[in-house]
Structures are given as structure tokens and as C-alpha cells.
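Dropping data06.cif in here (mmCIF, C-alpha atoms and all ligand atoms):
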```cif
data_target
loop_
_atom_site.label_atom_id
_atom_site.label_comp_id
_atom_site.auth_asym_id
_atom_site.auth_seq_id
_atom_site.Cartn_x
_atom_site.Cartn_y
_atom_site.Cartn_z
CA MET Y 1 13.05 48.67 -30.18
CA ALA Y 2 14.37 47.19 -33.38
CA LYS Y 3 15.45 43.59 -33.26
CA ARG Y 4 19.21 43.15 -33.40
CA ASP Y 5 20.77 41.13 -36.12
CA TYR Y 6 21.15 37.48 -35.04
CA TYR Y 7 24.76 37.27 -36.16
CA GLU Y 8 25.57 40.40 -34.24
CA VAL Y 9 23.82 38.99 -31.16
CA LEU Y 10 26.09 35.95 -31.21
CA GLY Y 11 29.14 38.07 -31.99
CA VAL Y 12 29.93 36.31 -35.25
CA ALA Y 13 30.29 37.54 -38.84
CA LYS Y 14 27.47 37.23 -41.35
CA GLY Y 15 27.81 33.98 -43.20
CA ALA Y 16 29.69 32.36 -40.28
CA SER Y 17 30.00 28.56 -40.35
CA ALA Y 18 27.83 26.31 -38.18
CA ASP Y 19 30.82 25.70 -35.95
CA GLU Y 20 31.55 29.40 -35.51
CA ILE Y 21 27.88 30.03 -34.71
CA LYS Y 22 27.93 27.33 -32.09
CA LYS Y 23 31.12 28.66 -30.53
CA GLY Y 24 29.75 32.19 -30.54
CA TYR Y 25 26.57 31.02 -28.90
CA ARG Y 26 28.36 29.04 -26.22
CA ARG Y 27 30.54 32.02 -25.41
CA LYS Y 28 27.46 34.22 -25.02
CA ALA Y 29 25.46 31.63 -23.13
CA LYS Y 30 28.20 31.18 -20.56
CA GLU Y 31 28.75 34.88 -20.20
CA LEU Y 32 25.06 35.67 -19.84
CA HIS Y 33 23.78 32.57 -18.09
CA PRO Y 34 21.33 33.37 -15.27
CA ASP Y 35 23.40 31.35 -12.82
CA ARG Y 36 26.18 33.87 -13.20
CA ASN Y 37 24.01 36.96 -13.53
CA ALA Y 38 21.55 36.90 -10.71
CA ASP Y 39 19.33 40.00 -10.59
CA ASN Y 40 20.68 41.38 -13.83
CA PRO Y 41 17.68 42.00 -16.10
CA GLN Y 42 19.89 43.22 -18.92
CA ALA Y 43 21.88 39.99 -18.97
CA GLU Y 44 18.65 38.02 -18.83
CA ALA Y 45 17.28 39.87 -21.85
CA GLN Y 46 20.51 39.33 -23.77
CA PHE Y 47 20.51 35.70 -22.77
CA LYS Y 48 17.06 35.25 -24.25
CA GLU Y 49 18.14 37.12 -27.31
CA ALA Y 50 21.18 34.88 -27.78
CA ASN Y 51 19.03 31.78 -27.39
CA GLU Y 52 16.57 33.03 -29.93
CA ALA Y 53 19.36 33.83 -32.37
CA TYR Y 54 20.99 30.46 -31.91
CA GLU Y 55 17.69 28.63 -32.25
CA VAL Y 56 17.42 30.07 -35.74
CA LEU Y 57 21.03 30.03 -36.88
CA LYS Y 58 21.81 26.49 -35.75
CA ASP Y 59 19.06 25.16 -38.01
CA ALA Y 60 20.06 25.14 -41.67
CA GLU Y 61 16.52 25.67 -42.92
CA LYS Y 62 15.70 28.50 -40.52
CA LYS Y 63 19.08 30.06 -41.15
CA ALA Y 64 18.45 30.09 -44.89
CA ALA Y 65 15.07 31.75 -44.32
CA TYR Y 66 16.65 34.32 -42.01
CA ASP Y 67 19.47 35.05 -44.46
CA ARG Y 68 16.85 35.68 -47.14
CA PHE Y 69 14.07 37.48 -45.30
CA GLY Y 70 15.67 38.68 -42.08
CA HIS Y 71 13.46 38.82 -38.97
CA ALA Y 72 10.40 39.02 -41.19
CA ALA Y 73 10.86 35.30 -41.87
CA PHE Y 74 9.60 34.53 -38.39
CA GLU Y 75 6.82 36.99 -37.97
CA GLY Y 76 3.32 35.59 -37.73
CA GLY Y 77 2.11 36.51 -41.24
CA MET Y 78 4.84 34.60 -42.98
CA GLY Y 79 3.94 31.37 -41.29
CA GLY Y 80 1.49 29.89 -43.76
CA GLY Y 81 3.39 30.91 -46.87
CA GLY Y 82 6.47 29.61 -48.51
CA GLY Y 83 5.64 25.98 -47.86
CA ARG Y 84 7.37 25.92 -44.52
CA PRO Y 85 5.98 23.35 -42.12
CA GLY Y 86 4.07 24.10 -39.00
CA GLY Y 87 3.07 27.72 -39.53
CA GLY Y 88 6.44 29.35 -39.15
CA PHE Y 89 8.98 28.55 -36.58
CA GLY Y 90 6.98 28.91 -33.47
CA GLY Y 91 5.95 31.78 -31.22
CA GLY Y 92 8.74 33.64 -29.51
CA GLN Y 93 8.04 32.36 -26.04
CA GLY Y 94 7.88 28.72 -26.93
CA ASP Y 95 11.13 28.97 -28.74
CA PHE Y 96 12.74 30.64 -25.82
CA SER Y 97 11.97 28.06 -23.24
CA SER Y 98 12.90 25.13 -25.40
CA ALA Y 99 16.15 26.83 -26.28
CA PHE Y 100 16.70 27.40 -22.60
CA SER Y 101 16.79 23.72 -21.79
CA ASP Y 102 19.19 23.28 -24.65
CA VAL Y 103 21.54 25.70 -22.98
CA PHE Y 104 21.64 23.68 -19.82
CA ASP Y 105 22.42 20.69 -21.92
CA ASP Y 106 25.21 22.51 -23.65
CA LEU Y 107 26.74 23.93 -20.52
CA PHE Y 108 26.41 20.63 -18.79
CA GLY Y 109 28.30 19.02 -21.64
CA ASP Y 110 31.02 21.63 -21.26
CA PHE Y 111 31.33 21.31 -17.53
CA MET Y 112 31.48 17.57 -17.78
CA GLY Y 113 34.44 17.82 -20.10
CA GLY Y 114 32.45 17.23 -23.26
CA GLN Y 115 31.43 13.84 -22.05
CA ARG Y 116 28.59 13.44 -24.47
CA GLY Y 117 31.17 13.29 -27.21
CA GLY Y 118 30.89 13.65 -30.96
CA GLY Y 119 29.58 10.19 -31.66
CA GLY Y 120 26.07 11.46 -32.05
CA GLY Y 121 24.62 8.53 -30.13
CA GLY Y 122 25.50 9.65 -26.64
CA ARG Y 123 23.46 12.74 -26.26
CA ARG Y 124 19.96 11.38 -25.91
CA ALA Y 125 21.06 8.25 -24.19
CA SER Y 126 18.99 6.99 -21.29
CA ARG Y 127 19.94 4.84 -18.34
CA GLY Y 128 19.01 1.15 -18.37
CA SER Y 129 16.53 -0.31 -15.90
CA ASP Y 130 17.51 -1.87 -12.61
CA LEU Y 131 17.07 -5.62 -12.44
CA ARG Y 132 15.97 -7.75 -9.53
CA TYR Y 133 17.19 -11.30 -9.06
CA ASN Y 134 15.73 -13.54 -6.35
CA MET Y 135 18.31 -15.94 -4.94
CA ARG Y 136 17.50 -18.76 -2.55
CA ILE Y 137 20.42 -20.17 -0.58
CA ASP Y 138 20.94 -22.67 2.24
CA LEU Y 139 21.66 -21.65 5.79
CA GLU Y 140 25.11 -23.25 5.49
CA ASP Y 141 25.90 -20.96 2.55
CA ALA Y 142 24.61 -17.95 4.45
CA PHE Y 143 26.97 -19.00 7.26
CA SER Y 144 30.10 -19.35 5.16
CA GLY Y 145 29.39 -17.01 2.27
CA ILE Y 146 29.37 -18.37 -1.25
CA GLN Y 147 30.19 -17.55 -4.81
CA LYS Y 148 27.35 -18.20 -7.23
CA THR Y 149 27.09 -17.96 -10.97
CA ILE Y 150 23.75 -16.65 -12.10
CA ASN Y 151 22.29 -16.22 -15.55
CA VAL Y 152 20.79 -12.80 -15.86
CA PRO Y 153 18.26 -12.35 -18.64
CA SER Y 154 19.20 -8.90 -19.72
CA SER Y 155 19.64 -6.63 -22.67
CA VAL Y 156 23.14 -5.59 -23.53
CA SER Y 157 24.51 -2.88 -25.76
CA CYS Y 158 24.22 -3.94 -29.41
CA SER Y 159 27.63 -4.78 -30.83
CA SER Y 160 26.61 -4.23 -34.48
CA CYS Y 161 25.92 -0.53 -33.99
CA ASN Y 162 27.88 0.05 -30.77
CA GLY Y 163 24.62 0.87 -29.08
CA SER Y 164 23.77 3.81 -31.34
CA GLY Y 165 20.81 2.04 -32.95
CA SER Y 166 21.76 3.24 -36.44
CA GLU Y 167 22.79 0.94 -39.26
CA GLY Y 168 26.33 1.31 -40.56
CA GLY Y 169 27.25 4.13 -38.21
CA SER Y 170 24.84 6.65 -39.76
CA GLU Y 171 23.93 9.53 -37.50
CA PRO Y 172 20.52 9.61 -35.86
CA ALA Y 173 18.40 12.57 -36.92
CA THR Y 174 16.83 15.22 -34.72
CA CYS Y 175 13.22 14.34 -33.96
CA PRO Y 176 10.93 16.54 -36.10
CA THR Y 177 8.09 16.53 -33.57
CA CYS Y 178 10.02 18.02 -30.68
CA SER Y 179 13.03 19.49 -32.50
CA GLY Y 180 15.27 17.33 -30.38
CA MET Y 181 13.98 18.55 -27.02
CA GLY Y 182 12.42 15.22 -26.14
CA LYS Y 183 9.37 17.07 -24.84
CA VAL Y 184 6.34 18.64 -26.39
CA ARG Y 185 4.31 21.46 -24.91
CA ALA Y 186 0.56 21.54 -24.70
CA GLN Y 187 -1.85 24.18 -23.45
CA GLN Y 188 -4.17 23.09 -20.65
CA GLY Y 189 -6.34 25.93 -19.46
CA PHE Y 190 -3.99 28.56 -18.12
CA PHE Y 191 -1.08 26.16 -17.92
CA THR Y 192 1.41 24.99 -20.40
CA VAL Y 193 2.40 21.43 -19.68
CA GLU Y 194 5.37 19.54 -20.98
CA ARG Y 195 5.02 15.96 -22.05
CA THR Y 196 7.47 13.38 -23.25
CA CYS Y 197 7.55 13.51 -27.02
CA PRO Y 198 5.45 10.65 -28.45
CA THR Y 199 7.52 10.36 -31.63
CA CYS Y 200 10.92 9.79 -30.05
CA SER Y 201 9.87 8.76 -26.51
CA GLY Y 202 11.85 11.63 -25.11
CA LEU Y 203 15.11 10.72 -26.79
CA GLY Y 204 15.09 13.80 -29.02
CA GLN Y 205 16.37 11.75 -31.91
CA ILE Y 206 14.92 9.35 -34.35
CA ILE Y 207 16.73 6.61 -36.18
CA LYS Y 208 16.30 7.01 -39.91
CA ASN Y 209 18.14 3.84 -40.76
CA PRO Y 210 17.70 1.39 -37.89
CA CYS Y 211 20.34 -1.20 -37.11
CA LYS Y 212 19.18 -4.62 -38.32
CA SER Y 213 20.43 -6.46 -35.26
CA CYS Y 214 18.58 -4.39 -32.67
CA GLN Y 215 15.85 -2.64 -34.72
CA GLY Y 216 17.17 0.72 -33.60
CA ALA Y 217 16.98 0.13 -29.85
CA GLY Y 218 20.75 0.08 -29.47
CA ARG Y 219 20.57 -3.02 -27.34
CA VAL Y 220 19.77 -6.69 -27.73
CA GLU Y 221 18.35 -9.36 -25.43
CA LYS Y 222 20.96 -11.71 -24.12
CA GLU Y 223 21.52 -13.93 -21.12
CA ARG Y 224 24.65 -13.16 -19.19
CA ALA Y 225 26.50 -15.38 -16.75
CA LEU Y 226 27.53 -13.38 -13.74
CA ASN Y 227 29.67 -14.40 -10.78
CA VAL Y 228 28.29 -13.08 -7.54
CA ASN Y 229 29.96 -13.14 -4.15
CA ILE Y 230 27.39 -13.63 -1.43
CA PRO Y 231 29.01 -12.51 1.83
CA ALA Y 232 28.76 -14.54 5.03
CA GLY Y 233 25.94 -13.49 7.33
CA VAL Y 234 23.26 -12.63 4.77
CA GLU Y 235 19.67 -13.33 5.75
CA THR Y 236 16.28 -13.36 4.12
CA GLY Y 237 15.62 -9.83 2.85
CA THR Y 238 19.28 -8.90 2.41
CA ARG Y 239 19.76 -6.94 -0.79
CA ILE Y 240 23.03 -6.96 -2.68
CA ARG Y 241 23.57 -4.22 -5.23
CA LEU Y 242 25.79 -4.79 -8.23
CA GLY Y 243 26.31 -1.38 -9.80
CA GLY Y 244 26.16 -1.28 -13.58
CA GLU Y 245 25.13 -4.94 -13.92
CA GLY Y 246 21.51 -4.14 -14.75
CA GLU Y 247 19.94 -3.59 -18.13
CA ALA Y 248 22.07 -1.83 -20.74
CA GLY Y 249 21.24 1.81 -21.37
CA MET Y 250 19.43 3.04 -24.46
CA ARG Y 251 21.76 4.23 -27.19
CA GLY Y 252 24.94 4.07 -25.22
CA GLY Y 253 23.48 5.32 -21.93
CA PRO Y 254 24.75 3.90 -18.63
CA ALA Y 255 23.51 0.50 -17.48
CA GLY Y 256 21.15 0.12 -14.54
CA ASP Y 257 22.01 -1.78 -11.37
CA LEU Y 258 21.35 -5.39 -10.48
CA TYR Y 259 19.83 -6.12 -7.08
CA ILE Y 260 20.06 -9.58 -5.63
CA PHE Y 261 17.36 -10.33 -3.07
CA ILE Y 262 18.43 -13.08 -0.71
CA ASP Y 263 16.05 -15.70 0.61
CA VAL Y 264 17.58 -18.15 3.08
CA ALA Y 265 15.83 -21.52 3.10
CA ASP Y 266 14.57 -23.03 6.36
CA HIS Y 267 16.98 -25.51 7.94
CA GLU Y 268 15.90 -28.88 9.27
CA LEU Y 269 17.92 -28.54 12.48
CA PHE Y 270 18.49 -24.86 13.13
CA GLN Y 271 16.17 -21.94 13.56
CA ARG Y 272 17.72 -18.54 13.18
CA GLU Y 273 17.00 -15.35 15.02
CA GLY Y 274 19.35 -12.59 13.96
CA THR Y 275 22.81 -14.03 14.48
CA ASN Y 276 21.70 -16.66 17.02
CA LEU Y 277 20.83 -20.23 16.15
CA TYR Y 278 18.45 -22.48 18.06
CA CYS Y 279 18.12 -26.23 17.96
CA ARG Y 280 16.45 -28.98 19.96
CA VAL Y 281 18.63 -31.89 20.97
CA PRO Y 282 17.26 -35.18 22.33
CA VAL Y 283 18.80 -36.38 25.62
CA SER Y 284 18.23 -39.72 27.28
CA MET Y 285 16.28 -39.70 30.52
CA ALA Y 286 19.28 -41.20 32.35
CA LYS Y 287 21.72 -38.54 31.04
CA ALA Y 288 19.31 -35.75 31.89
CA ALA Y 289 19.05 -37.13 35.42
CA LEU Y 290 22.71 -37.97 35.96
CA GLY Y 291 24.32 -35.16 33.96
CA GLY Y 292 27.17 -35.53 31.47
CA SER Y 293 28.26 -34.18 28.14
CA ILE Y 294 26.54 -34.51 24.81
CA GLU Y 295 27.69 -33.89 21.27
CA VAL Y 296 25.71 -31.53 19.06
CA PRO Y 297 26.00 -30.70 15.34
CA THR Y 298 27.08 -27.14 14.50
CA ILE Y 299 26.31 -25.03 11.44
CA ASP Y 300 29.96 -25.05 10.32
CA GLY Y 301 29.59 -28.80 9.71
CA GLY Y 302 31.53 -29.76 12.82
CA ARG Y 303 30.44 -30.89 16.28
CA GLY Y 304 30.33 -29.15 19.61
CA ARG Y 305 30.13 -30.47 23.19
CA VAL Y 306 27.88 -29.21 25.91
CA GLN Y 307 27.82 -30.17 29.58
CA ILE Y 308 24.43 -31.11 30.94
CA PRO Y 309 23.98 -30.54 34.65
CA ALA Y 310 22.49 -33.43 36.65
CA GLY Y 311 18.73 -33.15 36.99
CA SER Y 312 18.13 -31.21 33.76
CA GLN Y 313 14.49 -30.96 32.73
CA SER Y 314 13.12 -31.03 29.21
CA GLY Y 315 13.21 -27.54 27.69
CA ARG Y 316 16.35 -26.45 29.52
CA GLN Y 317 18.51 -24.19 27.34
CA MET Y 318 22.26 -24.50 27.03
CA ARG Y 319 24.49 -22.09 25.18
CA LEU Y 320 27.47 -22.65 22.87
CA ARG Y 321 29.17 -19.29 22.53
CA SER Y 322 30.08 -17.95 19.07
CA LYS Y 323 28.64 -20.98 17.30
CA GLY Y 324 25.84 -18.96 15.71
CA MET Y 325 25.82 -16.99 12.45
CA PRO Y 326 28.46 -14.41 11.58
CA ALA Y 327 27.36 -10.78 11.62
CA LEU Y 328 26.98 -9.40 8.09
CA ARG Y 329 28.48 -6.06 9.06
CA GLY Y 330 31.10 -5.88 11.73
CA ALA Y 331 32.93 -8.65 13.48
CA GLY Y 332 31.81 -11.52 15.65
CA SER Y 333 29.21 -14.21 15.61
CA GLY Y 334 26.05 -15.02 17.46
CA ASP Y 335 25.60 -17.97 19.81
CA MET Y 336 24.02 -21.34 19.41
CA PHE Y 337 21.29 -22.26 21.88
CA ILE Y 338 20.51 -25.88 22.57
CA GLU Y 339 17.17 -26.85 24.01
CA LEU Y 340 17.14 -30.24 25.71
CA ALA Y 341 14.39 -32.67 24.81
CA VAL Y 342 14.41 -35.43 27.42
CA GLU Y 343 13.27 -38.68 25.92
CA THR Y 344 11.21 -41.31 27.65
CA PRO Y 345 12.75 -44.70 26.92
CA VAL Y 346 10.70 -47.10 24.81
CA ASN Y 347 10.98 -50.79 23.78
CA LEU Y 348 12.58 -51.78 27.06
CA THR Y 349 14.22 -55.16 27.59
CA ALA Y 350 13.15 -57.27 30.56
CA ARG Y 351 16.30 -56.30 32.42
CA GLN Y 352 15.74 -52.56 31.77
CA LYS Y 353 12.18 -52.88 33.02
CA GLU Y 354 13.41 -54.62 36.13
CA ILE Y 355 15.93 -51.88 36.84
CA LEU Y 356 13.39 -49.13 36.23
CA GLN Y 357 10.93 -50.84 38.50
CA GLU Y 358 13.57 -51.01 41.18
CA PHE Y 359 14.36 -47.35 40.53
CA ASP Y 360 10.71 -46.50 40.93
CA ASP Y 361 10.41 -48.41 44.19
CA LEU Y 362 13.45 -46.57 45.51
CA SER Y 363 11.97 -43.24 44.38
CA GLU Y 364 8.87 -43.86 46.51
CA ASP Y 365 11.08 -44.49 49.51
CA ASN Y 366 13.03 -41.32 48.72
CA ASN Y 367 9.94 -39.20 48.42
CA PRO Y 368 7.62 -39.92 51.36
CA GLU Y 369 5.27 -37.13 50.29
CA SER Y 370 4.67 -38.53 46.84
CA SER Y 371 4.48 -42.07 48.19
CA SER Y 372 1.73 -41.00 50.60
CA PHE Y 373 0.06 -39.37 47.61
CA PHE Y 374 0.20 -42.62 45.66
CA SER Y 375 -1.04 -44.70 48.61
CA SER Y 376 -4.01 -42.36 49.00
CA VAL Y 377 -4.79 -42.82 45.30
CA LYS Y 378 -4.50 -46.58 45.77
CA SER Y 379 -6.88 -46.58 48.72
CA PHE Y 380 -9.30 -44.45 46.71
CA TRP Y 381 -9.40 -47.05 43.92
CA ASP Y 382 -9.66 -49.84 46.48
CA SER Y 383 -12.69 -48.20 48.05
CA MET Y 384 -14.32 -47.83 44.62
CA LYS Y 385 -13.86 -51.55 43.99
CA GLY Y 386 -15.27 -52.42 47.40
ZN ZN V 401 10.63 13.90 -30.32
ZN ZN V 402 22.18 -2.35 -33.18
#
```
Let me see the structure of the file written as C-alpha cells.
Amino acid sequence: MAKRDYYEVLGVAKGASADEIKKGYRRKAKELHPDRNADNPQAEAQFKEANEAYEVLKDAEKKAAYDRFGHAAFEGGMGGGGGRPGGGFGGGQGDFSSAFSDVFDDLFGDFMGGQRGGGGGGRRASRGSDLRYNMRIDLEDAFSGIQKTINVPSSVSCSSCNGSGSEGGSEPATCPTCSGMGKVRAQQGFFTVERTCPTCSGLGQIIKNPCKSCQGAGRVEKERALNVNIPAGVETGTRIRLGGEGEAGMRGGPAGDLYIFIDVADHELFQREGTNLYCRVPVSMAKAALGGSIEVPTIDGGRGRVQIPAGSQSGRQMRLRSKGMPALRGAGSGDMFIELAVETPVNLTARQKEILQEFDDLSEDNNPESSSFFSSVKSFWDSMKG
């Protein structure tokens, strides 16, 4: 079967302008796209044909060769002659599949309302990296929430070239190694593998005239001050995502995200478990025995009161409801648990000693069992002496 004329394939007149060729190709590509023509081998063949035609006619050099020699320009034997680089313009199959990815690009651009724009810089843009920032805060700040200003070492879009990477607004050129595909194909045994193009790092474009401020990267290193709201209730390991606050994209691509990893410092009074707080509070021996109320510090900076029942032992736990940490998601707060630490009095005055001695004597009378225990100990020691 004779090869159809490329202009005819795209439905445009011979000598059509680059714009007309592109429009003709897009029309055909949409009409014949495999997504819309499932199980239609004829459409598939025409789709390949349109891609092949466009691959040649969109390229000024290939188009000139085609206009002069027709299909013969791309047949194997012509490759080495005529001073054209790379032994012709590639085998049919290779051309097809690279053109295929181009179609997706094109259609994607259409469906997205031409988002990639005519600026030239947008097309091969790549997204910036995500950044991680470790933030250490106090328990009090985790309780109340806090606004912090952080300095993020980051790269931002270069203002000299508007992120395009080219000096003076000149257009980046299509990468000669990969013809703008961003990928190169290599044969490995029976398989053809695709690799990121080493010349352009997958961008598909090279900067002929790099911007002096950013050396063609389209972005520059800069420290940014950023206000961050840390919500109440965060704990160690909480991650806060700030969309679009990460590293700037390459050549006008979208920025990455910034993740703040929270680390809450240990507190000298309070231990935290989830939303509950625990603390040990010293209580005098007399208060523990007699009962009464004690004042305790709370995480909000205020004071709370707890009633101690008479006869409380060391280690007894009391609870102050809703005086713990706020829940990060949802309403409410945890509780605060107070563990009593009964203190043995030290540095007694003579009078205090006297009273305690009296107290002790009375205790023996009150507790005949323990007093008989002590008298048996006393008689044991007496017998040892004797
Ligand atoms: Zn390349
Ligand atoms: Zn620049």
C-alpha cells in the first residue's frame, strides 16, 4: 500500500503554515484517539499515520526534507547522506511511540483549557520538592496553640526570568537528544527501555541562553519567613502540611509542600499521655492523714483545687476533670491526674518532736496489735543484750 501524502493525512493543504498543520493534527488526533475508538483497528492505523505525519511536518528541517524528497527522505538508505544528523529521522516505530506521548500531552493541554500556555516555559515544568521542618515547642504552646514565624531555607521562582530560566525572555529550545520527549529509548535484550534524557534531565528543553541570576534553573535560593499557626492539641509526631509552601517548581512548575514535624519538649511538672496530664504533688503527712484541700498548678497557667480524703496514702491518684490537653481533632479536653507524694517531715523543732512523740505513744495505745508487735521486738533485743 502506497504511503499517503502527509499533508493529506492531516487534512491540510500543501504548503500549510505551522499553525495550520498543528490545528489539522489536533483535529485528527482527537477524532482518532484510541480512547474514543476502542476496538477500531482502522482508526488506530490512521492515528499512527497522523502522528507520523505530524512528527515530520511540525519540524522545520524534516518538513523541508519531506517537501523536497517526499517519503523517500525518511527511508533507510537516505539516512547517511545529505549531512542530516543521526542517520535519518529514526525508524518508524520509534517515531510512533514518541509521537504518541506527545499526543497525550497535547490533548491534556486542550482538556485543561490550554493551561500550559504560550509562554514556552510552562510545558516542561516540574514540581518542586517537599520540605520538612522540625519544630520543637513547649507543652504550654501545644496546650494553647501558637503562631510561629519560621525561616524556611528554600528556592523560589527566579524573578529575573519569571522562572523560565532563559535570559531576557528568550524561548528555551527543544532538547536535541530526546527531541523534547524528556526520555530516551535504549535496547536491552528483547526490551526497549525508556530512560530520563541525560541532556535535559527529562525537561525536554534546553536553555540556550541561561538567565544570569539563576543559571538557567528558573529558581534561586532564598530564605523565606513564614507564619505558621500551630493548632492547640498537637503532640510529638504531629505533621502539619502547608500546601504550596515547599520548594519552588522548576521553570514555572508548581511548588512542593512544606511539612512541619512537631516535637513537644518534656515538661518539668507534667507528663502527657494522649490528652491526659499526670503530675506528682507533695502533701504534708498531717494533711494526708487529716484530709483537706490542696492547690495544684495547671497547664493553662492557673491553679486548681483538689480535695484530699483523710487517710490518703502516698501514690493515691486524684482527678481534675477537663484540665488536661485539648483534643487536636474534635472537641473536649483530657483530664489532669494528680498523684499524691506524702512527705515525711524533716528538721523538726523541739515542740514538733514532742507532739509527734505524743502522737506515737497514742498510736500504740490505739493499735494494740502493733504495740504487742513492738513489745515483742523490744523483748527480743533485751534478750540479746542479756
Ligand atoms: Zn532531552
Ligand atoms: Zn532566572
Exercise. So which one's closest to ligand ZN 401 (chain V), Y:Pro210, Y:Pro34, Y:Gly202, Y:Pro41? Using all atoms listed in the file, please.
Worked result: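 Result for the nearest residue to ligand ZN 401 (chain V): Y:Gly202.
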Problem set entry | Which residue of Y:Ile207, Y:Leu356, Y:Met285, Y:Val184 approaches ligand ZN 401 (chain V) most closely, using all atoms listed in the file |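 Smallest distance to ligand ZN 401 (chain V) is found for Y:Val184.
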Problem set entry | Contacts of ligand ZN 402 (chain V), 6 Å or closer, all atoms listed in the file, given as a PyMOL selection string | chain Y and resi 158+160-161+163+165+211+213-214+216+218
Problem set entry | d(CA of Arg239 (chain Y), CA of Tyr259 (chain Y)) in Å |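 Separation between CA of Arg239 (chain Y) and CA of Tyr259 (chain Y): 6.3 Å.
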Exercise. Suppose you want the space between CA of Ala310 (chain Y) and CA of Gly292 (chain Y); what is it in Å?
Worked result: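 CA of Ala310 (chain Y) sits 7.3 Å away from CA of Gly292 (chain Y).
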Problem set entry | Close residues to ligand ZN 401 (chain V) using only C-alpha atoms and all ligand atoms, limit 8 Å, as a list in words |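 Final answer, ordered by chain and number: Thr174, Cys175, Pro176, Thr177, Cys178, Ser179, Gly180, Met181, Gly182, Lys183, Val184, Thr196, Cys197, Pro198, Thr199, Cys200, Ser201, Gly202, Leu203, Gly204, Gln205 and Ile206 of chain Y.
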Exercise. Hey, what's within 12 Å of Gly330 (chain Y) if we count all atoms listed in the file and toss same-chain stuff fewer than 6 positions away? As an MDAnalysis selection string, please?
Worked result: chainID Y and resid 232:233 275
For this session: Tell me, in Å to one decimal, how far CA of Arg316 (chain Y) is from CA of Ala341 (chain Y).
Result: 8.0 Å
